[in-house]
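**Student:** Quick one: the structure is below, questions incoming.
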There are 2 protein chains.
Amino acid sequence: MSQTVDRALSILPLLAEGPADLGQVADRLGVHKSTALRLLRTLHEHGMVYRQSDQRYRLGARLIALAQEAMENLDIREIAHPHLVRLNEQVGHTVHLAVYEEEDVLYIDKVESRYPVRMYSRIGKPVAITVAAVAKQLLADLPEAERRALADKLDYPLYTARSTPNAPAFLKELERVREQGWATDLGGHEESINCVAAPIRGADGRVVAAMSVSAPNVVVTADELLTLLPLVRRTAETISGEYSGRTPVKEVTP
Amino acid sequence: MSQTVDRALSILPLLAEGPADLGQVADRLGVHKSTALRLLRTLHEHGMVYRQSDQRYRLGARLIALAQEAMENLDIREIAHPHLVRLNEQVGHTVHLAVYEEEDVLYIDKVESRYPVRMYSRIGKPVAITVAAVAKQLLADLPEAERRALADKLDYPLYTARSTPNAPAFLKELERVREQGWATDLGGHEESINCVAAPIRGADGRVVAAMSVSAPNVVVTADELLTLLPLVRRTAETISGEYSGRTPVKEVTP
DNA sequence: ATGGACGTTGCAGAGAGTGCAACCGACCTG
DNA sequence: CAGGTCGGTTGCACTCTCTGCAACGTCCAT
């Protein structure tokens with residue numbers, strides 16, 4: 001809608017790939033160097049990009065700090081956190097909280113496994129959308145049309161032999177998740193890692209977030225992990241209650 | 001430098017404070033509603049802001065994902081990580097890695113304590129710049145003029161009785177850190193938490209990052225923590241060597 | 001020296017962004 | 001249910017801002 005801002009913002013994902021110099025930025029934007037320079041300068045003033053010692057640009061600290069604030073302000077995160085911790089204390093495995101937002105699924109909270117073998121993931125990191133249990137859980141709740149459109153648009157990388165192979169399979173899986181009210185990922189992302197996920201719903205019944213418990217095969221088998229499902233669902237249910245205001249929470253004097 | 005982009009970027013920190021509606025954004029920017037609308041639309045297209053169900057805007061998922069990528073691409077982080085993990089295995093306490101960048105100090109990596117009592121901090125979070133050991137370590141290396149200018153500009157919140165109270169005290173402290181080559185925070189941020197930090201230097205000798213070990217009083221006393229100093233410094237030294245290319249690291253075929 | 005690569009600056013022209021005013025729809029209120 | 005208000009949205013004419021160009025400066029390698 002706004003050309004200048006559009007161009008400036010296009011620089012960011014470009015720099016996210018790695019540092020680039022003025023010429024490279026100008027080329028990839030398809031604008032004159034002087035134009036790119038002015039845009040970069042403005043981004044720089046706001047701390048969104050940083051000029052490293054070799055004069056090349058990379059993403060800046062303010063961007064990271066902003067993202068941090070953005071996450072801390074998500075109230076679902078605040079409400080869910082203590083419950084995630086408690087669940088982690090009970091089961092010992094890694095617990096994740098994720099949200100869906102306009103074609104992205106992001107982990108927004110994580111409590112680390114107490115076992116030495118841990119799963120790699122990071123808060124803020126986009127989730128493997130076609131296979132992760134939380135992603136399935138979140139997408140399963142989209143309106144039919146949106147779900148189909150998204151499924152068609154996605155890539156289906158074969159992380160493992162059990163990864164979701166294509167759109168029809170994905171849609172079928174989402175349908176199942178929708179009906180049963182929980183989701184799994186059994187080695188679809190990493191051969192040896194299984195997850196079970198449950199939905200967190202707002203007052204209107206829509207899924208606002210999803211949480212999951214993940215554990216590697218070497219610690220518990222998939223079957224053993226599934227026995228935790230009732231506990232996971234109950235936790236999600238508790239969080240839903242608190243989030244939607246059904247459960248009275250302690251008042252905070254302003 | 002570029003008015004439009006400048007305005008658009010100014011919206012982000014504003015939304016970081018919490019969700020806002022169109023009118024509020026327009027007011028705080030000092031522009032007409034229609035202008036604010038167009039800016040927000042552009043930001044929205046890039047996923048930098050998100051329109052929640054009550055029509056208000058908040059920061060979007062793409063911003064968080066971008067920041068994530070930005071951090072993963074910091075090569076100091078990549079190099080340091082295994083060493084931080086190893087140190088954590090040896091001492092058990094929380095290990096942090098932080099960088100300074102244009103008036104911000106950020107944690108860019110963290111390995112959690114293995115003790116149940118943990119320190120609150122988060123990757124990407126701006127550090128308490130006037131008291132944290134890593135912050136002192138990083139600022140101590142700034143050129144004299146810049147250090148003074150920054151010290152004057154900062155606020156000196158009294159987190160505890162031992163917090164750095166003002167600019168002169170801070171500068172004196174930085175001077176000491178500079179000379180001794182390590183830094184501490186003994187209850188200056190949180191009454192019961194102590195940290196020791198050491199610098200990581202690039203090939204030119206400049207400090208590029210700082211690392212620290214933090215532990216609460218209830219686990220080890222400040223004196224006990226200080227006995228770990230040689231180990232911390234040695235680790236920092238090893239990372240410096242690898243980062244500056246003095247230590248040959250395994251080649252990666254392109 | 002000399003050429004090239006890269007970043008930077010000043011300028012004039014034009015295209016993009018701006019504010020205005022009117023519109024729309026939702027929501028209250030009398 | 002008419003009338004008011006409030007918030008978001010749209011079309012338009014004006015003009016201010018951004019753009020690309022060309023020239024310049026600097027550094028490096030030849």
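So you can find residues: chains in the structure tokens are A, B, ... in the order shown, residues in each start at 1, and ligands are numbered from 1 in order.
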Please find the residues of chain A near chain C - the criterion being any atom within 10 Å, counting only C-alpha atoms (C1' of nucleotides) - and write them as a ChimeraX atom specification.

**Tutor:** /A:2-4,21-23,33-34,37,55

**Student:** Kindly determine which residues of chain B lie within 9 Å of chain A, considering only C-alpha atoms, and give the answer as a PyMOL selection string.

**Tutor:** chain B and resi 1-6+8-10+12-13+15-19+38-39+41-43+45-48+50+58-71+73-74+100-102+104-106+122-126

**Student:** What separation in Å, quoted to one decimal, exists between atom CA of Lys153 of chain A and atom CA of Glu190 of chain A?

**Tutor:**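 So the two atoms, atom CA of Lys153 of chain A and atom CA of Glu190 of chain A, lie 22.8 Å apart.
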
**Student:** Based on only C-alpha atoms (C1' of nucleotides), which of the residues in chain D come within 10 Å of chain A? I want them as number ranges by chain.

**Tutor:** D: 18-21

**Student:** Near Ala128 of chain A, counting only C-alpha atoms (C1' of nucleotides), which residues have an atom at most 12 Å away, once you skip same-chain residues fewer than 6 positions from it, shown as a list in words?

**Tutor:** Ala98, Glu103, Asp104, Val105, Leu106, Tyr107, Ser121, Val134, Ala135, Lys136, Leu154, Asp155, Tyr156, Pro157, Leu158, Tyr159, Ser163, Thr164, Asp185, Gly188, His189 and Glu190 of chain A

**Student:** Using backbone DSSP assignments, extract all alpha helix (DSSP H) residues from segment 14-55 of chain B; output them as a VMD selection string.

**Tutor:** chain B and resid 14 to 16 22 to 29 33 to 45

**Student:** Which of segment 139-193 of chain A counts as strand (DSSP E or B) under DSSP, as a list in words please?

**Tutor:**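 Answer for segment 139-193 of chain A restricted to strand (DSSP E or B) is Ala183, Thr184, Asp185, Leu186 and Ile193 of chain A.
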
**Student:** Could those selected residues go to a file with N, CA and C atoms, as a PDB file, in the first residue's frame?

**Tutor:**
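out_12.pdb was written with the following content:
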ATOM      1  N   ALA A 183      -4.003 -33.748  19.016  1.00  0.00           N
ATOM      2  CA  ALA A 183      -3.163 -34.041  17.855  1.00  0.00           C
ATOM      3  C   ALA A 183      -1.862 -34.703  18.284  1.00  0.00           C
ATOM      4  N   THR A 184      -1.265 -35.397  17.359  1.00  0.00           N
ATOM      5  CA  THR A 184       0.029 -36.007  17.652  1.00  0.00           C
ATOM      6  C   THR A 184       0.989 -35.733  16.503  1.00  0.00           C
ATOM      7  N   ASP A 185       2.251 -35.853  16.815  1.00  0.00           N
ATOM      8  CA  ASP A 185       3.275 -35.943  15.778  1.00  0.00           C
ATOM      9  C   ASP A 185       4.162 -37.098  16.183  1.00  0.00           C
ATOM     10  N   LEU A 186       4.033 -38.189  15.481  1.00  0.00           N
ATOM     11  CA  LEU A 186       4.840 -39.366  15.822  1.00  0.00           C
ATOM     12  C   LEU A 186       5.973 -39.503  14.812  1.00  0.00           C
ATOM     13  N   ILE A 193      11.415 -38.332  17.637  1.00  0.00           N
ATOM     14  CA  ILE A 193      10.678 -37.489  18.583  1.00  0.00           C
ATOM     15  C   ILE A 193       9.161 -37.551  18.370  1.00  0.00           C
TER      16      ILE A 193
END

**Student:** For atom CA of Gly241 of chain A and atom CA of Glu175 of chain A, determine how far apart the two atoms are, in Å to one decimal place.

**Tutor:**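 If I compute the distance from atom CA of Gly241 of chain A to atom CA of Glu175 of chain A, I get 24.4 Å.
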
**Student:** One number please: atom CA of Arg148 of chain B to atom CA of Ile76 of chain B, in Å, one decimal.

**Tutor:** 26.9 Å

**Student:** Can you tell me, as a list in words, what residues are no more than 9 Å from segment 144-147 of chain A when counting only C-alpha atoms (C1' of nucleotides), ignoring any on the same chain fewer than 4 positions away?

**Tutor:**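 Close residues of segment 144-147 of chain A: Leu139, Ala140, Ala151, Asp152, Leu171 and Leu174 of chain A.
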
**Student:** Residues near Leu97 of chain A, anyone? I mean within 8 Å using only C-alpha atoms (C1' of nucleotides), not counting same-chain ones fewer than 3 positions away, as a PyMOL selection string.

**Tutor:** chain A and resi 77+107-110+134+209-212

**Student:** Keeping only N, CA and C atoms, write those residues as a PDB file, in the first residue's frame.

**Tutor:**
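Generated file (again_32.pdb):
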ATOM      1  N   ARG A  77       0.100 -16.195  26.910  1.00  0.00           N
ATOM      2  CA  ARG A  77       1.386 -16.708  27.370  1.00  0.00           C
ATOM      3  C   ARG A  77       1.503 -16.579  28.896  1.00  0.00           C
ATOM      4  N   TYR A 107       6.270 -21.006  18.188  1.00  0.00           N
ATOM      5  CA  TYR A 107       6.383 -21.331  19.600  1.00  0.00           C
ATOM      6  C   TYR A 107       6.479 -20.029  20.373  1.00  0.00           C
ATOM      7  N   ILE A 108       5.638 -19.854  21.357  1.00  0.00           N
ATOM      8  CA  ILE A 108       5.763 -18.630  22.149  1.00  0.00           C
ATOM      9  C   ILE A 108       6.172 -18.909  23.583  1.00  0.00           C
ATOM     10  N   ASP A 109       6.202 -20.168  23.951  1.00  0.00           N
ATOM     11  CA  ASP A 109       6.761 -20.484  25.266  1.00  0.00           C
ATOM     12  C   ASP A 109       7.228 -21.927  25.271  1.00  0.00           C
ATOM     13  N   LYS A 110       8.111 -22.207  26.184  1.00  0.00           N
ATOM     14  CA  LYS A 110       8.726 -23.524  26.218  1.00  0.00           C
ATOM     15  C   LYS A 110       9.259 -23.781  27.607  1.00  0.00           C
ATOM     16  N   VAL A 134       1.319 -29.269  17.461  1.00  0.00           N
ATOM     17  CA  VAL A 134       0.660 -28.003  17.770  1.00  0.00           C
ATOM     18  C   VAL A 134       0.143 -27.320  16.516  1.00  0.00           C
ATOM     19  N   ALA A 209      -4.633 -21.076  21.054  1.00  0.00           N
ATOM     20  CA  ALA A 209      -3.258 -21.539  21.196  1.00  0.00           C
ATOM     21  C   ALA A 209      -3.279 -23.051  21.308  1.00  0.00           C
ATOM     22  N   ALA A 210      -2.110 -23.644  21.210  1.00  0.00           N
ATOM     23  CA  ALA A 210      -2.033 -25.088  21.407  1.00  0.00           C
ATOM     24  C   ALA A 210      -0.813 -25.389  22.251  1.00  0.00           C
ATOM     25  N   MET A 211      -0.920 -26.424  23.054  1.00  0.00           N
ATOM     26  CA  MET A 211       0.235 -26.799  23.863  1.00  0.00           C
ATOM     27  C   MET A 211       0.578 -28.249  23.588  1.00  0.00           C
ATOM     28  N   SER A 212       1.819 -28.613  23.814  1.00  0.00           N
ATOM     29  CA  SER A 212       2.208 -29.992  23.541  1.00  0.00           C
ATOM     30  C   SER A 212       3.277 -30.462  24.510  1.00  0.00           C
TER      31      SER A 212
END
